[in-house]
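Participant: File input-v3.csv follows (CSV, C-alpha atoms):
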chain,number,residue,atom,x,y,z
A,67,MET,CA,0.0,0.0,0.0
A,68,THR,CA,2.9,2.4,0.5
A,69,LYS,CA,3.7,2.0,-3.2
A,70,LEU,CA,0.1,3.1,-4.0
A,71,VAL,CA,0.2,6.5,-2.2
A,72,PRO,CA,2.8,8.1,-4.5
A,73,ALA,CA,0.7,7.0,-7.4
A,74,GLY,CA,-1.9,9.8,-6.7
A,75,LEU,CA,-4.1,7.9,-4.3
A,76,PRO,CA,-5.3,9.7,-1.1
A,77,ARG,CA,-3.1,9.5,2.0
A,78,LYS,CA,-5.8,8.0,4.2
A,79,LEU,CA,-6.2,5.0,2.0
A,80,THR,CA,-8.9,2.5,2.9
A,81,ALA,CA,-8.9,-1.2,1.8
A,82,ASP,CA,-11.8,-0.5,-0.6
A,83,THR,CA,-10.1,2.4,-2.2
A,84,ALA,CA,-6.9,0.4,-2.6
A,85,ALA,CA,-8.8,-2.6,-4.0
A,86,ALA,CA,-10.5,-0.4,-6.6
A,87,ALA,CA,-7.2,1.1,-7.7
A,88,LEU,CA,-5.6,-2.4,-8.0
A,89,ARG,CA,-8.5,-3.7,-10.1
A,90,GLY,CA,-7.6,-1.0,-12.7
A,91,ILE,CA,-3.9,-2.0,-12.9
A,92,ARG,CA,-2.9,-4.6,-15.5
A,93,PRO,CA,0.9,-4.8,-15.3
A,94,LYS,CA,2.8,-6.4,-18.1
A,95,ALA,CA,6.3,-6.7,-16.5
A,96,SER,CA,7.0,-9.5,-14.1
A,97,LEU,CA,8.2,-7.2,-11.3
A,98,ALA,CA,5.0,-5.1,-11.6
A,99,ARG,CA,2.8,-8.2,-11.5
A,100,THR,CA,4.6,-9.3,-8.3
A,101,LEU,CA,4.1,-5.9,-6.7
A,102,ARG,CA,0.4,-6.0,-7.6
A,103,GLY,CA,0.1,-9.4,-6.2
A,104,LEU,CA,1.7,-8.3,-2.9
A,105,ALA,CA,-0.5,-5.3,-2.7
A,106,THR,CA,-3.6,-7.5,-3.3
A,107,ASP,CA,-2.5,-9.8,-0.5
A,108,LEU,CA,-2.0,-6.7,1.8
A,109,VAL,CA,-5.5,-5.5,1.0
A,110,ALA,CA,-7.0,-8.9,1.8
A,111,GLU,CA,-5.0,-8.9,5.1
A,112,ILE,CA,-6.3,-5.4,6.0
A,113,ARG,CA,-9.8,-6.5,5.4
A,114,ARG,CA,-9.4,-9.6,7.6
A,115,LEU,CA,-7.9,-7.4,10.4
A,116,ASP,CA,-10.8,-4.9,10.0
A,117,ARG,CA,-13.3,-7.7,10.4
A,118,ARG,CA,-11.4,-8.9,13.5
A,119,ILE,CA,-11.3,-5.4,15.0
A,120,THR,CA,-15.0,-5.0,14.5
A,121,THR,CA,-15.7,-8.4,16.2
A,122,VAL,CA,-13.5,-7.7,19.2
A,123,THR,CA,-14.9,-4.2,19.6
A,124,GLY,CA,-18.4,-5.7,19.7
A,125,GLN,CA,-17.3,-8.2,22.3
A,126,ILE,CA,-15.7,-5.5,24.4
A,127,THR,CA,-18.8,-3.3,24.2
A,128,ALA,CA,-21.0,-6.2,25.3
A,129,ALA,CA,-18.6,-7.0,28.2
A,130,VAL,CA,-18.7,-3.4,29.4
A,131,ALA,CA,-22.5,-3.3,29.2
A,132,GLU,CA,-22.7,-6.6,31.1
A,133,SER,CA,-20.4,-5.2,33.8
A,134,SER,CA,-23.0,-2.4,34.5
A,135,THR,CA,-20.3,0.1,35.0
A,136,THR,CA,-21.1,3.8,34.9
A,137,LEU,CA,-17.6,4.8,33.7
A,138,THR,CA,-18.9,5.3,30.2
A,139,GLU,CA,-21.1,8.1,31.5
A,140,LEU,CA,-17.9,10.1,32.3
A,141,HIS,CA,-17.0,12.5,29.5
A,142,GLY,CA,-14.0,11.1,27.6
A,143,ILE,CA,-14.5,7.4,28.5
A,144,GLY,CA,-16.0,5.1,25.9
A,145,ASP,CA,-16.4,1.4,26.0
A,146,LEU,CA,-12.7,0.6,25.1
A,147,LEU,CA,-11.3,2.9,27.7
A,148,ALA,CA,-13.8,1.7,30.3
A,149,ALA,CA,-12.7,-1.9,29.5
A,150,LYS,CA,-9.0,-1.0,29.8
A,151,ILE,CA,-9.6,0.7,33.2
A,152,LEU,CA,-11.7,-2.1,34.6
A,153,THR,CA,-9.2,-4.8,33.5
A,154,ARG,CA,-6.1,-2.9,34.5
A,155,THR,CA,-7.4,-2.1,38.0
A,156,ALA,CA,-8.6,-5.7,38.7
A,157,GLY,CA,-11.1,-4.5,41.3
A,158,VAL,CA,-11.2,-1.1,42.9
A,159,GLY,CA,-11.4,-2.7,46.4
A,160,ARG,CA,-7.7,-3.4,46.4
A,161,PHE,CA,-6.9,0.4,46.6
A,162,ARG,CA,-7.2,1.9,50.1
A,163,SER,CA,-7.8,5.4,48.9
A,164,GLU,CA,-8.0,7.8,46.0
A,165,ALA,CA,-4.4,8.7,46.5
A,166,ALA,CA,-3.3,5.0,46.3
A,167,PHE,CA,-5.3,4.6,43.1
A,168,ALA,CA,-3.7,7.8,41.6
A,169,SER,CA,-0.3,6.5,42.6
A,170,TYR,CA,-1.0,3.2,40.9
A,171,CYS,CA,-2.1,5.1,37.8
A,172,GLY,CA,1.1,7.1,37.8
A,173,VAL,CA,-0.7,10.5,38.1
A,174,ALA,CA,0.2,11.3,41.7
A,175,PRO,CA,2.5,14.3,41.7
A,176,LEU,CA,6.1,13.9,42.8
A,177,GLU,CA,7.7,16.8,44.7
A,178,VAL,CA,11.0,17.9,43.3
A,179,PHE,CA,13.3,20.3,45.1
A,180,SER,CA,16.0,22.4,43.5
A,181,GLY,CA,17.5,24.7,46.0
A,182,ASP,CA,14.6,26.8,47.4
A,183,VAL,CA,12.3,25.9,44.5
A,184,LYS,CA,9.7,23.3,45.1
A,185,ARG,CA,7.9,21.8,42.1
A,186,HIS,CA,5.9,18.8,41.1
A,187,ARG,CA,6.8,16.6,38.1
A,188,LEU,CA,5.4,13.6,36.3
A,189,SER,CA,5.6,10.3,38.0
A,190,ARG,CA,7.2,7.7,35.7
A,191,ALA,CA,5.9,4.9,38.0
A,192,GLY,CA,2.5,3.4,37.9
A,193,ASP,CA,0.5,1.6,35.3
A,194,ARG,CA,1.2,3.3,32.0
A,195,GLN,CA,-1.9,1.9,30.3
A,196,LEU,CA,-4.1,3.5,33.1
A,197,ASN,CA,-2.1,6.7,32.8
A,198,SER,CA,-2.7,6.7,29.1
A,199,ALA,CA,-6.5,6.2,29.6
A,200,LEU,CA,-6.6,9.1,32.0
A,201,HIS,CA,-4.6,11.2,29.5
A,202,VAL,CA,-7.1,10.5,26.7
A,203,MET,CA,-9.9,11.4,29.1
A,204,ALA,CA,-8.2,14.6,30.1
A,205,ILE,CA,-7.5,15.7,26.5
A,206,THR,CA,-11.1,15.0,25.6
A,207,GLN,CA,-12.3,17.1,28.5
A,208,ILE,CA,-10.0,20.0,27.7
A,209,ARG,CA,-11.4,20.2,24.2
A,210,HIS,CA,-15.1,20.3,25.2
A,211,PRO,CA,-17.0,22.5,27.7
A,212,THR,CA,-16.8,20.2,30.7
A,213,PRO,CA,-15.9,20.7,34.4
A,214,GLY,CA,-12.5,19.3,33.4
A,215,GLN,CA,-12.0,22.1,30.9
A,216,ALA,CA,-13.0,24.7,33.6
A,217,TYR,CA,-10.5,23.1,36.0
A,218,TYR,CA,-7.7,23.1,33.4
A,219,GLN,CA,-8.4,26.7,32.5
A,220,ARG,CA,-8.4,27.7,36.2
A,221,LYS,CA,-5.0,26.0,36.6
A,222,ARG,CA,-3.7,27.8,33.6
A,223,ALA,CA,-4.9,31.1,35.0
A,224,GLU,CA,-3.0,30.3,38.2
A,225,GLY,CA,0.2,30.4,36.1
A,226,LYS,CA,0.7,26.7,35.4
A,227,GLY,CA,1.9,25.7,32.0
A,228,HIS,CA,0.0,23.2,29.8
A,229,LYS,CA,1.8,20.1,31.1
A,230,ALA,CA,1.4,21.1,34.8
A,231,ALA,CA,-2.3,21.9,34.3
A,232,LEU,CA,-2.8,18.7,32.4
A,233,ARG,CA,-1.0,16.8,35.2
A,234,CYS,CA,-3.3,18.4,37.8
A,235,LEU,CA,-6.4,17.5,35.7
A,236,LYS,CA,-5.3,13.9,35.3
A,237,ARG,CA,-4.9,13.6,39.1
A,238,ARG,CA,-8.4,15.0,39.6
A,239,LEU,CA,-9.8,12.7,37.0
A,240,ALA,CA,-8.2,9.7,38.7
A,241,ASP,CA,-10.3,10.6,41.8
A,242,VAL,CA,-13.4,10.8,39.7
A,243,VAL,CA,-12.8,7.4,38.1
A,244,TYR,CA,-12.0,5.9,41.5
A,245,ARG,CA,-15.2,7.2,43.1
A,246,THR,CA,-17.2,6.1,40.1
A,247,MET,CA,-15.8,2.5,40.4
A,248,LEU,CA,-16.5,2.5,44.2
A,249,ARG,CA,-20.1,3.6,43.6
A,250,ASP,CA,-20.5,0.9,40.9
A,251,ARG,CA,-19.2,-1.7,43.3
A,252,ASP,CA,-21.4,-0.6,46.1
A,253,THR,CA,-24.6,-0.5,43.9
A,254,SER,CA,-23.8,-3.8,42.1
A,255,LEU,CA,-26.1,-6.7,42.6
A,256,ILE,CA,-23.2,-9.1,42.0
A,257,ALA,CA,-21.0,-9.8,45.1
A,258,PRO,CA,-17.4,-8.7,44.5
A,259,ALA,CA,-15.0,-11.6,44.0
Do you think you could lay out the structure here as structure tokens?

Facilitator:
Amino acid sequence: MTKLVPAGLPRKLTADTAAAALRGIRPKASLARTLRGLATDLVAEIRRLDRRITTVTGQITAAVAESSTTLTELHGIGDLLAAKILTRTAGVGRFRSEAAFASYCGVAPLEVFSGDVKRHRLSRAGDRQLNSALHVMAITQIRHPTPGQAYYQRKRAEGKGHKAALRCLKRRLADVVYRTMLRDRDTSLIAPA
């Protein structure tokens, strides 16, 4: 497919667009026929992967619905992020507090001292997948009129840079996710394992 893009096809090439372009190519040289055959195989593989992604996405959506979680009601969390959060936490009951959950997610701030200056910086510890989920949630909230956007703007107005304000928002969102999972556990009809 990388050979097709310079030939004038769009950069965001779909399997259908590539297949249509390949149908119009009738190479005479042996090398060109080989390249066309490889491109046809790649298109077939992409279609197979697209079908697999659709199937797995449906299974994940069904599993999240079956879990009765309300995480998907939070702005910025869809079925895939909710599934990631639920599986990576392996039960919210194992965290003693919001701070412990935030630390596990890698969003708890670390104090850094340099002379008389005291700052906070990003924690490199914690579950990077959960950190990534909170990052996606934070970016989504910043881009839409939400309480998260208002909180981010307030932090920026206090003089914090983008990264520092984003770090504060991620920490706040970790608390929201933790409380939501606790509420889900407490209102569930299924006994926790």

Participant: I'd like the neighbourhood of range 162-170 of chain A as a list of chain:residue names, where a residue qualifies if any of its atoms comes within 7 Å (using all atoms listed in the file), though same-chain residues fewer than 3 positions away should be ignored.

Facilitator: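 Near range 162-170 of chain A, the qualifying residues are A:Val173, A:Ala174, A:Gly192, A:Asp193, A:Arg237, A:Ala240, A:Asp241, A:Tyr244.
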
Participant: So which residues touch range 205-215 of chain A within 12 Å, counting all atoms listed in the file, skipping near sequence neighbours fewer than 5 positions away, as JSON, numbers by chain?

Facilitator: {"A": [140, 141, 142, 143, 144, 198, 199, 200, 220, 221, 222, 228, 229, 231, 232, 233, 234, 235, 236, 237, 238, 239, 240, 242]}

Participant: Given only C-alpha atoms as the basis, pick out the residue of A:Leu146, A:Ala223, A:Ala84, A:Cys171 nearest to Arg102 in chain A.

Facilitator: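 The answer is A:Ala84, which sits nearest to Arg102 in chain A.
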
Participant: So how far away is CA of Asn197 in chain A from CA of Ser180 in chain A, in Å?

Facilitator: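 Separation between CA of Ser180 in chain A and CA of Asn197 in chain A: 26.2 Å.
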
Participant: Have a look at CA of Thr121 in chain A and CA of Ala149 in chain A and let me know their distance in Å, one decimal.

Facilitator: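 One can read the CA of Thr121 in chain A to CA of Ala149 in chain A distance as 15.1 Å.
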
Participant: One decimal, in Å: what's the spacing between CA of Ala191 in chain A and CA of Val243 in chain A?

Facilitator: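 These two atoms are separated by 18.9 Å.
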
Participant: So, with all atoms listed in the file as the atoms that count, which of A:Gln219, A:Leu147, A:Met247, A:Leu101 lies closest to Leu196 in chain A?

Facilitator: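 Answer, going by the shortest atom-to-atom distance: A:Leu147.
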
Participant: Pick out the closest residue to Gln195 in chain A from this set: A:Ala148, A:Ile126, A:Ala216, A:Lys226. Count only C-alpha atoms.

Facilitator: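 Of all the options, A:Ala148 lies closest to Gln195 in chain A.
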
Participant: Calculated over all atoms listed in the file, which of the candidates A:Gly225, A:Thr106, A:Asp145, A:Ala85 has the smallest distance to Thr123 in chain A?

Facilitator: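 Nearest candidate to Thr123 in chain A out of A:Gly225, A:Thr106, A:Asp145, A:Ala85: A:Asp145.
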
Participant: So that I can check the surroundings of Asp82 in chain A, please list as a ChimeraX atom specification every protein, DNA and RNA residue that reaches within 10 Å of it, counting all atoms listed in the file and ignoring chain neighbours fewer than 4 positions away.

Facilitator: /A:86-88,109-110,112-113

Participant: When you count all atoms listed in the file, which of these residues is closest to Ser133 in chain A: A:Ala204, A:Leu104, A:Leu152, A:Leu97?

Facilitator: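 Among the listed residues, A:Leu152 lies closest to Ser133 in chain A.
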